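Undergrad: As input, take coords.csv (CSV, C-alpha atoms):
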```csv
chain,number,residue,atom,x,y,z
A,1,MET,CA,16.2,-12.3,-6.2
A,2,LEU,CA,12.5,-12.6,-5.7
A,3,ALA,CA,12.7,-10.7,-2.4
A,4,THR,CA,14.7,-7.9,-4.1
A,5,THR,CA,12.1,-7.7,-7.0
A,6,LEU,CA,9.2,-7.5,-4.5
A,7,THR,CA,11.0,-4.7,-2.5
A,8,LEU,CA,11.7,-2.8,-5.7
A,9,TYR,CA,8.1,-3.2,-6.8
A,10,THR,CA,6.9,-1.9,-3.4
A,11,ILE,CA,9.2,1.1,-3.6
A,12,LEU,CA,8.2,2.0,-7.2
A,13,ARG,CA,4.5,1.5,-6.3
A,14,GLY,CA,4.8,3.8,-3.3
A,15,ILE,CA,6.6,6.5,-5.5
A,16,ALA,CA,3.9,6.2,-8.2
A,17,MET,CA,1.1,6.5,-5.6
A,18,MET,CA,2.8,9.6,-4.1
A,19,ILE,CA,3.2,11.3,-7.5
A,20,TRP,CA,-0.4,10.4,-8.4
A,21,HIS,CA,-1.7,11.8,-5.1
A,22,ARG,CA,0.3,15.1,-5.5
A,23,LEU,CA,-0.8,15.4,-9.1
A,24,ASN,CA,-4.5,15.0,-8.1
A,25,THR,CA,-4.1,17.6,-5.4
A,26,LEU,CA,-2.5,20.0,-7.9
A,27,LEU,CA,-5.2,19.4,-10.5
A,28,ALA,CA,-7.9,19.9,-7.8
A,29,ARG,CA,-6.4,23.2,-6.8
A,30,LEU,CA,-6.1,24.4,-10.4
A,31,TYR,CA,-9.7,23.3,-11.2
A,32,ASP,CA,-11.3,24.7,-8.1
A,33,PRO,CA,-11.8,28.3,-9.4
A,34,ILE,CA,-13.1,26.8,-12.7
A,35,ASP,CA,-15.5,24.6,-10.7
A,36,ARG,CA,-16.8,27.7,-8.8
A,37,ILE,CA,-17.4,29.5,-12.1
A,38,GLU,CA,-19.2,26.5,-13.6
A,39,ASN,CA,-21.4,26.1,-10.6
A,40,LEU,CA,-22.3,29.9,-10.7
A,41,PHE,CA,-23.1,29.5,-14.4
A,42,LEU,CA,-25.4,26.5,-13.8
A,43,LYS,CA,-27.2,28.4,-11.0
A,44,MET,CA,-28.1,31.2,-13.5
A,45,LYS,CA,-30.8,28.9,-15.0
A,46,ASN,CA,-32.1,31.3,-17.6
A,47,ILE,CA,-28.7,32.3,-19.0
A,48,SER,CA,-27.3,28.7,-19.0
A,49,MET,CA,-30.5,27.3,-20.7
A,50,MET,CA,-30.5,30.1,-23.4
A,51,THR,CA,-26.8,29.3,-24.1
A,52,ASN,CA,-27.6,25.6,-24.5
A,53,GLN,CA,-30.5,26.4,-26.8
A,54,ILE,CA,-28.4,28.7,-29.0
A,55,ILE,CA,-25.5,26.3,-29.3
A,56,PHE,CA,-27.9,23.3,-30.0
A,57,LEU,CA,-29.7,25.4,-32.7
A,58,MET,CA,-26.3,26.2,-34.3
A,59,LEU,CA,-25.4,22.5,-34.4
A,60,ALA,CA,-28.8,21.7,-36.0
A,61,ASP,CA,-28.3,24.5,-38.5
A,62,ARG,CA,-25.1,22.9,-39.8
A,63,ILE,CA,-26.8,19.5,-40.2
A,64,PHE,CA,-30.3,20.4,-41.6
A,65,ILE,CA,-29.8,23.8,-43.2
A,66,ARG,CA,-27.8,24.3,-46.4
A,67,GLU,CA,-27.2,28.0,-45.8
A,68,PRO,CA,-27.4,28.4,-42.0
A,69,LYS,CA,-26.9,32.2,-42.0
A,70,ILE,CA,-28.9,33.3,-38.8
A,71,THR,CA,-31.5,30.6,-38.9
A,72,CYS,CA,-30.9,29.7,-35.3
A,73,LEU,CA,-31.7,33.3,-34.1
A,74,TYR,CA,-34.9,33.5,-36.1
A,75,THR,CA,-35.9,30.1,-34.8
A,76,LEU,CA,-35.2,30.9,-31.1
A,77,MET,CA,-37.0,34.2,-31.5
A,78,PHE,CA,-40.1,32.4,-32.9
A,79,TYR,CA,-40.0,29.7,-30.1
A,80,ASN,CA,-39.7,32.4,-27.4
A,81,VAL,CA,-42.7,34.2,-28.8
A,82,VAL,CA,-44.7,31.0,-28.8
A,83,THR,CA,-43.5,30.3,-25.2
A,84,TYR,CA,-44.4,33.8,-24.1
A,85,SER,CA,-47.9,33.4,-25.6
A,86,ILE,CA,-48.5,30.0,-24.0
A,87,SER,CA,-47.3,31.2,-20.6
A,88,TYR,CA,-49.5,34.3,-20.7
A,89,ILE,CA,-52.6,32.2,-21.7
A,90,LYS,CA,-51.7,29.7,-19.0
A,91,GLU,CA,-51.5,32.5,-16.5
A,92,LEU,CA,-55.0,33.7,-17.5
A,93,ILE,CA,-56.4,30.2,-17.2
A,94,GLU,CA,-55.0,29.7,-13.7
A,95,LYS,CA,-55.8,33.2,-12.5
A,96,GLU,CA,-58.2,33.2,-9.6
A,97,ASP,CA,-58.5,36.8,-8.7
A,98,TRP,CA,-59.8,38.9,-11.7
A,99,SER,CA,-60.3,42.0,-9.6
A,100,LEU,CA,-58.3,45.0,-10.8
A,101,TYR,CA,-58.3,46.5,-7.3
A,102,VAL,CA,-56.1,45.8,-4.3
A,103,THR,CA,-57.6,46.1,-0.8
A,104,VAL,CA,-55.8,47.4,2.2
A,105,THR,CA,-56.2,44.0,4.0
A,106,GLU,CA,-57.2,40.6,2.8
A,107,ARG,CA,-60.8,40.9,4.2
A,108,SER,CA,-61.1,44.6,3.9
A,109,LYS,CA,-63.3,46.3,1.2
A,110,ILE,CA,-61.3,49.5,1.3
A,111,LYS,CA,-59.3,49.9,-2.0
A,112,HIS,CA,-55.6,50.8,-1.9
A,113,LEU,CA,-55.4,53.4,-4.6
A,114,ALA,CA,-51.7,53.4,-5.3
A,115,MET,CA,-51.4,49.6,-5.5
A,116,SER,CA,-54.6,49.3,-7.5
A,117,ALA,CA,-53.3,51.8,-10.0
A,118,THR,CA,-50.1,49.9,-10.3
A,119,LYS,CA,-51.9,46.6,-10.7
A,120,ILE,CA,-54.2,48.0,-13.5
A,121,VAL,CA,-51.2,49.5,-15.4
A,122,PHE,CA,-49.2,46.2,-15.0
A,123,GLU,CA,-52.1,44.0,-16.2
A,124,TRP,CA,-52.9,46.2,-19.2
A,125,THR,CA,-49.2,46.4,-20.1
A,126,LYS,CA,-49.0,42.6,-20.2
A,127,ALA,CA,-52.1,42.4,-22.3
A,128,VAL,CA,-51.0,45.1,-24.8
A,129,THR,CA,-47.5,43.5,-24.9
A,130,PHE,CA,-49.1,40.1,-25.7
A,131,ILE,CA,-51.2,41.5,-28.5
A,132,VAL,CA,-48.4,43.6,-30.0
A,133,THR,CA,-46.0,40.7,-29.9
A,134,LEU,CA,-48.4,38.4,-31.7
A,135,THR,CA,-49.3,41.0,-34.3
A,136,PHE,CA,-45.7,41.8,-35.0
A,137,MET,CA,-44.7,38.1,-35.4
A,138,LEU,CA,-47.7,37.4,-37.7
A,139,LEU,CA,-46.8,40.4,-39.8
A,140,VAL,CA,-43.1,39.4,-40.0
A,141,PHE,CA,-43.8,35.7,-40.9
A,142,GLY,CA,-46.8,36.6,-43.0
A,143,LEU,CA,-45.1,39.2,-45.1
A,144,GLU,CA,-41.7,37.3,-45.0
A,145,GLN,CA,-39.8,40.6,-44.7
A,146,GLY,CA,-36.1,39.8,-44.2
A,147,LEU,CA,-36.9,36.0,-44.1
A,148,GLU,CA,-35.6,35.1,-47.5
A,149,HIS,CA,-32.9,33.0,-46.0
A,150,TYR,CA,-35.1,31.4,-43.3
A,151,LYS,CA,-36.1,28.1,-44.7
A,152,PRO,CA,-36.1,25.5,-41.9
A,153,SER,CA,-36.8,21.9,-42.9
A,154,MET,CA,-39.4,19.7,-41.2
A,155,ASN,CA,-36.7,17.6,-39.5
A,156,TYR,CA,-34.9,20.7,-38.3
A,157,THR,CA,-38.1,22.2,-36.8
A,158,MET,CA,-39.1,18.9,-35.1
A,159,ILE,CA,-35.7,18.3,-33.5
A,160,THR,CA,-35.1,21.9,-32.4
A,161,TRP,CA,-38.6,22.3,-31.1
A,162,ILE,CA,-38.4,19.0,-29.0
A,163,TYR,CA,-35.0,20.2,-27.6
A,164,TYR,CA,-36.5,23.6,-26.8
A,165,LEU,CA,-39.5,22.0,-25.0
A,166,ALA,CA,-37.1,19.9,-22.9
A,167,THR,CA,-35.1,22.9,-21.8
A,168,GLU,CA,-37.5,25.9,-21.6
A,169,LYS,CA,-38.7,26.5,-18.0
A,170,VAL,CA,-42.4,26.9,-18.9
A,171,PHE,CA,-42.5,23.5,-20.6
A,172,VAL,CA,-40.2,21.8,-18.1
A,173,GLU,CA,-42.6,22.7,-15.3
A,174,MET,CA,-45.4,21.1,-17.3
A,175,PHE,CA,-43.5,17.8,-17.6
A,176,PRO,CA,-44.1,16.4,-14.1
A,177,PRO,CA,-47.9,16.8,-14.3
A,178,ILE,CA,-47.8,14.9,-17.6
A,179,LEU,CA,-45.9,12.1,-16.0
A,180,LYS,CA,-48.4,12.0,-13.2
A,181,PHE,CA,-51.2,11.9,-15.6
A,182,LEU,CA,-49.6,8.8,-17.3
A,183,ARG,CA,-49.4,7.1,-13.9
A,184,PHE,CA,-46.5,4.8,-14.5
A,185,ASP,CA,-46.0,2.5,-11.5
A,186,THR,CA,-42.2,2.8,-11.9
A,187,PHE,CA,-42.3,6.5,-10.8
A,188,GLU,CA,-44.2,5.8,-7.5
A,189,ASN,CA,-45.4,9.4,-7.3
A,190,LEU,CA,-41.9,10.7,-7.5
A,191,GLU,CA,-42.4,12.4,-10.9
A,192,GLU,CA,-41.1,15.7,-9.6
A,193,LEU,CA,-37.7,14.0,-9.2
A,194,TYR,CA,-37.8,11.8,-12.2
A,195,ALA,CA,-38.7,14.6,-14.6
A,196,PRO,CA,-35.4,16.6,-14.5
A,197,VAL,CA,-33.4,13.4,-14.7
A,198,ILE,CA,-35.3,12.3,-17.8
A,199,LEU,CA,-35.2,15.7,-19.5
A,200,LYS,CA,-31.5,16.3,-18.8
A,201,SER,CA,-30.5,12.8,-19.9
A,202,PHE,CA,-32.5,13.4,-23.1
A,203,THR,CA,-30.9,16.7,-23.9
A,204,ILE,CA,-27.4,15.5,-23.2
A,205,SER,CA,-27.9,12.4,-25.5
A,206,VAL,CA,-29.3,14.5,-28.4
A,207,SER,CA,-26.5,17.1,-28.1
A,208,ALA,CA,-23.9,14.4,-28.0
A,209,SER,CA,-25.4,12.7,-31.1
A,210,LEU,CA,-25.3,16.0,-33.1
A,211,ILE,CA,-21.7,16.6,-32.1
A,212,VAL,CA,-20.7,13.1,-33.2
A,213,ILE,CA,-22.5,13.6,-36.6
A,214,LEU,CA,-20.7,16.9,-37.1
A,215,LEU,CA,-17.2,15.7,-36.3
A,216,PRO,CA,-16.1,15.6,-39.9
A,217,LEU,CA,-18.2,18.6,-41.0
A,218,ALA,CA,-18.1,21.5,-38.4
A,219,SER,CA,-15.2,23.5,-36.9
A,220,TYR,CA,-13.6,22.0,-33.9
A,221,LYS,CA,-14.1,25.2,-31.9
A,222,LEU,CA,-17.8,25.0,-32.2
A,223,LEU,CA,-17.8,21.3,-31.4
A,224,PHE,CA,-15.6,21.9,-28.3
A,225,VAL,CA,-17.9,24.6,-27.0
A,226,ALA,CA,-21.0,22.5,-27.7
A,227,ALA,CA,-19.4,19.4,-25.9
A,228,TYR,CA,-18.4,21.6,-22.9
A,229,SER,CA,-21.6,23.5,-22.6
A,230,ASN,CA,-24.3,21.1,-23.7
A,231,VAL,CA,-22.8,17.8,-22.7
A,232,TYR,CA,-20.2,18.3,-19.9
A,233,LEU,CA,-21.9,21.0,-17.9
A,234,ARG,CA,-25.4,19.5,-18.3
A,235,LEU,CA,-24.0,16.1,-17.2
A,236,LYS,CA,-22.3,17.8,-14.2
A,237,ASP,CA,-25.7,19.4,-13.3
A,238,LEU,CA,-27.4,16.0,-13.7
A,239,LEU,CA,-24.8,14.1,-11.6
A,240,GLN,CA,-24.5,16.8,-8.8
A,241,ILE,CA,-28.1,17.8,-8.3
A,242,SER,CA,-30.9,15.9,-10.0
A,243,ALA,CA,-29.6,12.3,-9.9
A,244,PRO,CA,-28.4,12.4,-6.3
A,245,ALA,CA,-31.8,13.8,-5.1
A,246,LEU,CA,-33.6,11.0,-6.9
A,247,SER,CA,-31.1,8.4,-5.8
A,248,LEU,CA,-31.5,9.4,-2.2
A,249,GLU,CA,-35.3,9.1,-2.3
A,250,ARG,CA,-35.1,5.7,-4.1
A,251,GLU,CA,-32.6,4.4,-1.5
A,252,ILE,CA,-34.8,5.3,1.4
A,253,LEU,CA,-38.0,3.9,-0.2
A,254,ASN,CA,-36.3,0.7,-1.2
A,255,ARG,CA,-36.0,-0.1,2.5
A,256,TYR,CA,-39.7,-0.9,2.3
A,257,ARG,CA,-41.0,-3.4,-0.1
A,258,LYS,CA,-43.6,-2.8,-2.7
A,259,ALA,CA,-47.1,-4.0,-1.8
A,260,THR,CA,-48.8,-6.5,-4.1
A,261,PRO,CA,-52.1,-5.7,-5.9
A,262,LYS,CA,-53.8,-8.1,-3.5
A,263,GLU,CA,-52.4,-6.3,-0.4
A,264,ILE,CA,-53.5,-2.9,-1.9
A,265,LYS,CA,-57.0,-4.2,-2.5
A,266,GLN,CA,-57.2,-5.5,1.0
A,267,PHE,CA,-56.3,-2.0,2.2
A,268,ASP,CA,-59.3,-0.5,0.2
A,269,ASP,CA,-56.9,1.0,-2.3
A,270,VAL,CA,-56.7,4.3,-0.3
A,271,CYS,CA,-53.5,5.9,1.1
A,272,PRO,CA,-54.2,6.9,4.7
A,273,VAL,CA,-52.0,10.1,4.3
A,274,CYS,CA,-53.5,11.7,1.3
A,275,LEU,CA,-56.7,9.7,1.1
A,276,CYS,CA,-56.2,9.1,-2.7
A,277,ASP,CA,-56.4,5.9,-4.6
A,278,MET,CA,-53.3,3.7,-4.6
A,279,ILE,CA,-52.2,1.9,-7.8
A,280,SER,CA,-48.7,1.2,-6.3
A,281,ALA,CA,-47.7,1.4,-2.6
A,282,ARG,CA,-44.9,0.7,-0.1
A,283,ILE,CA,-45.5,-1.4,2.9
A,284,THR,CA,-43.9,-0.8,6.3
A,285,PRO,CA,-42.7,-3.5,8.7
A,286,CYS,CA,-45.9,-2.9,10.7
A,287,TYR,CA,-47.9,-3.8,7.5
A,288,HIS,CA,-49.3,-0.3,6.8
A,289,LEU,CA,-49.5,0.8,3.1
A,290,PHE,CA,-48.7,4.3,1.8
A,291,HIS,CA,-48.0,6.0,-1.4
A,292,ALA,CA,-44.2,6.1,-1.9
A,293,SER,CA,-44.2,9.9,-1.9
A,294,CYS,CA,-46.5,10.2,1.1
A,295,LEU,CA,-44.4,7.8,3.1
A,296,ARG,CA,-41.2,9.7,2.2
A,297,ARG,CA,-42.7,13.0,3.2
A,298,CYS,CA,-43.7,11.6,6.6
A,299,LEU,CA,-40.2,10.0,7.1
A,300,LYS,CA,-38.6,13.4,6.6
A,301,THR,CA,-40.1,14.8,9.8
A,302,ASN,CA,-40.3,11.6,11.9
A,303,ASN,CA,-38.9,8.1,11.6
A,304,THR,CA,-42.1,6.5,12.7
A,305,CYS,CA,-45.1,4.9,10.9
A,306,PRO,CA,-47.7,7.6,10.1
A,307,MET,CA,-50.5,5.2,11.2
A,308,CYS,CA,-49.3,3.4,14.4
A,309,LYS,CA,-46.3,5.6,15.3
A,310,ARG,CA,-44.1,2.5,15.5
A,311,GLU,CA,-40.4,3.4,15.0
A,312,LEU,CA,-39.2,2.3,11.5
A,313,THR,CA,-35.7,1.2,12.4
A,314,PHE,CA,-33.4,-0.1,9.7
A,315,GLY,CA,-33.3,-3.5,11.4
A,316,SER,CA,-37.0,-4.0,11.0
A,317,VAL,CA,-37.1,-3.2,7.3
A,318,SER,CA,-39.3,-5.4,5.2
A,319,THR,CA,-37.7,-6.7,2.0
A,320,GLN,CA,-39.4,-7.8,-1.1
```
Write out the structure in this file as structure tokens.

TA:
Amino acid sequence: MLATTLTLYTILRGIAMMIWHRLNTLLARLYDPIDRIENLFLKMKNISMMTNQIIFLMLADRIFIREPKITCLYTLMFYNVVTYSISYIKELIEKEDWSLYVTVTERSKIKHLAMSATKIVFEWTKAVTFIVTLTFMLLVFGLEQGLEHYKPSMNYTMITWIYYLATEKVFVEMFPPILKFLRFDTFENLEELYAPVILKSFTISVSASLIVILLPLASYKLLFVAAYSNVYLRLKDLLQISAPALSLEREILNRYRKATPKEIKQFDDVCPVCLCDMISARITPCYHLFHASCLRRCLKTNNTCPMCKRELTFGSVSTQ
């Protein structure tokens, strides 16, 4: 009886596994074209981010604004103007060449008339656009023409502005330098990889929170679109691109233990690759200290110690 039961269980288990395998194959084939469309949408950074921003603002409208109307569009327009102004001012601050002329070659003094004319027109167009945009926005918000329904609360402005900062390209590019300025030991000079993971995790969490709050209040169509666009697709982007890149770097660096403060001090606190001060460092099996990012850059081209050229094999990895 027991043998018969075991045989029957084995047969049923085999049938279930076969059905599950075929079902997975069928679902994979059906999802494949959708997956390609999703990946294409995620690659169009500007469009996907603007979509996320509009949907998030619509969610915020329904929580914080009594009469939403088109508050989200006014808000996004205002934020875009602020962003444009900041990016233009940032460009002026970082600009090194203030000459309005373009020379034929880099070291030549002969002016290229056509390209110089184009550059002058382009620079003046940007300047005039900047002035006109600011003037228009000041007039609109100052005279309050057509803004009788635009009454955002403080909580609405704060939450939507933080989300906008975490998704807009101009501010996203400013986030890694801020992390570097804070100099957290945990990041080990990998702020460029940590930044997108932190920002995407934050935006996913905030969007999911608003969706949960709106479950008994908003239409399910809006909540479904928001969950798909602002949670699922953002999570897919995080798990497929940002998180694996960071995980790979951390996995490689974790083969080499962290140096103690005493060891860093004995090494004069200077990384031999970039010649900058070291607050945290990784130590190789041959007892040479490097910034985590500097060591990783060297290992990308050659699996040897940057100092003594000893091969850094996995078998000689130093553990903490």

Undergrad: Sorted by chain and rising residue number, list the residues of stretch 244-267 of chain A at most 10 Å from stretch 290-309 of chain A (counting only C-alpha atoms), each with its closest atom pair and distance in Å to one decimal, as JSON lines.

TA:
```
{"residue": "A:Glu249", "atom": "CA", "partner": "A:Arg296", "partner_atom": "CA", "distance": 7.4}
{"residue": "A:Arg250", "atom": "CA", "partner": "A:Ala292", "partner_atom": "CA", "distance": 9.4}
{"residue": "A:Ile252", "atom": "CA", "partner": "A:Arg296", "partner_atom": "CA", "distance": 7.8}
{"residue": "A:Leu253", "atom": "CA", "partner": "A:Ala292", "partner_atom": "CA", "distance": 6.8}
{"residue": "A:Asn254", "atom": "CA", "partner": "A:Ala292", "partner_atom": "CA", "distance": 9.6}
{"residue": "A:Tyr256", "atom": "CA", "partner": "A:Ala292", "partner_atom": "CA", "distance": 9.3}
{"residue": "A:Lys258", "atom": "CA", "partner": "A:Ala292", "partner_atom": "CA", "distance": 9.0}
{"residue": "A:Ala259", "atom": "CA", "partner": "A:Phe290", "partner_atom": "CA", "distance": 9.2}
{"residue": "A:Ile264", "atom": "CA", "partner": "A:Phe290", "partner_atom": "CA", "distance": 9.4}
{"residue": "A:Phe267", "atom": "CA", "partner": "A:Phe290", "partner_atom": "CA", "distance": 9.9}
```

Undergrad: I'd like the contact shell of A:Met50 - 9 Å cut-off, all atoms listed in the file, skipping same-chain residues fewer than 5 positions apart - returned as a PyMOL selection string.

TA: chain A and resi 45+55+167-168

Undergrad: I'd like the interatomic distance between atom CA of A:Lys200 and atom CA of A:Leu30, to a tenth of an Å.

TA: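 We find that atom CA of A:Lys200 and atom CA of A:Leu30 lie 28.0 Å from each other.
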
Undergrad: Mind giving me the straight-line distance from atom CA of A:Ile37 to atom CA of A:Tyr79 in Å, one decimal?

TA: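 These two atoms are separated by 28.9 Å.
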
Undergrad: Could you tell me which of A:Phe202, A:Arg66, A:Ile279, A:Thr125 comes closest to A:Ile162 if we count only C-alpha atoms?

TA: A:Phe202

Undergrad: How far is it from atom CA of A:Ala60 to atom CA of A:Tyr156, in Å with one decimal?

TA: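 Atom-to-atom, atom CA of A:Ala60 to atom CA of A:Tyr156, that is 6.6 Å.
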
Undergrad: For A:Ser205, please output as JSON, numbers by chain all residues within 12 Å (counting all atoms listed in the file; exclusion window: fewer than 5 positions along the same chain).

TA: {"A": [56, 163, 198, 199, 200, 210, 211, 212, 227, 230, 231, 232, 234, 235]}

Undergrad: Restricted to C-alpha atoms, what would the selected residues look like written as a compact mmCIF listing (two decimals), in the frame of the given file?

TA:
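This is the output file out16.txt:
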```txt
# COMPACT_ATOMS: atom_id res chain seq x y z
CA PHE A 56 -27.90 23.30 -30.00
CA TYR A 163 -35.00 20.20 -27.60
CA ILE A 198 -35.30 12.30 -17.80
CA LEU A 199 -35.20 15.70 -19.50
CA LYS A 200 -31.50 16.30 -18.80
CA LEU A 210 -25.30 16.00 -33.10
CA ILE A 211 -21.70 16.60 -32.10
CA VAL A 212 -20.70 13.10 -33.20
CA ALA A 227 -19.40 19.40 -25.90
CA ASN A 230 -24.30 21.10 -23.70
CA VAL A 231 -22.80 17.80 -22.70
CA TYR A 232 -20.20 18.30 -19.90
CA ARG A 234 -25.40 19.50 -18.30
CA LEU A 235 -24.00 16.10 -17.20
```

Undergrad: Please list as a list in words every residue within 12 Å of A:Leu215, counting only C-alpha atoms and excluding residues in the same chain fewer than 6 positions away.

TA: Leu59, Arg62, Ile63, Ala208, Ser209, Lys221, Leu222, Leu223, Phe224, Ala226 and Ala227 of chain A
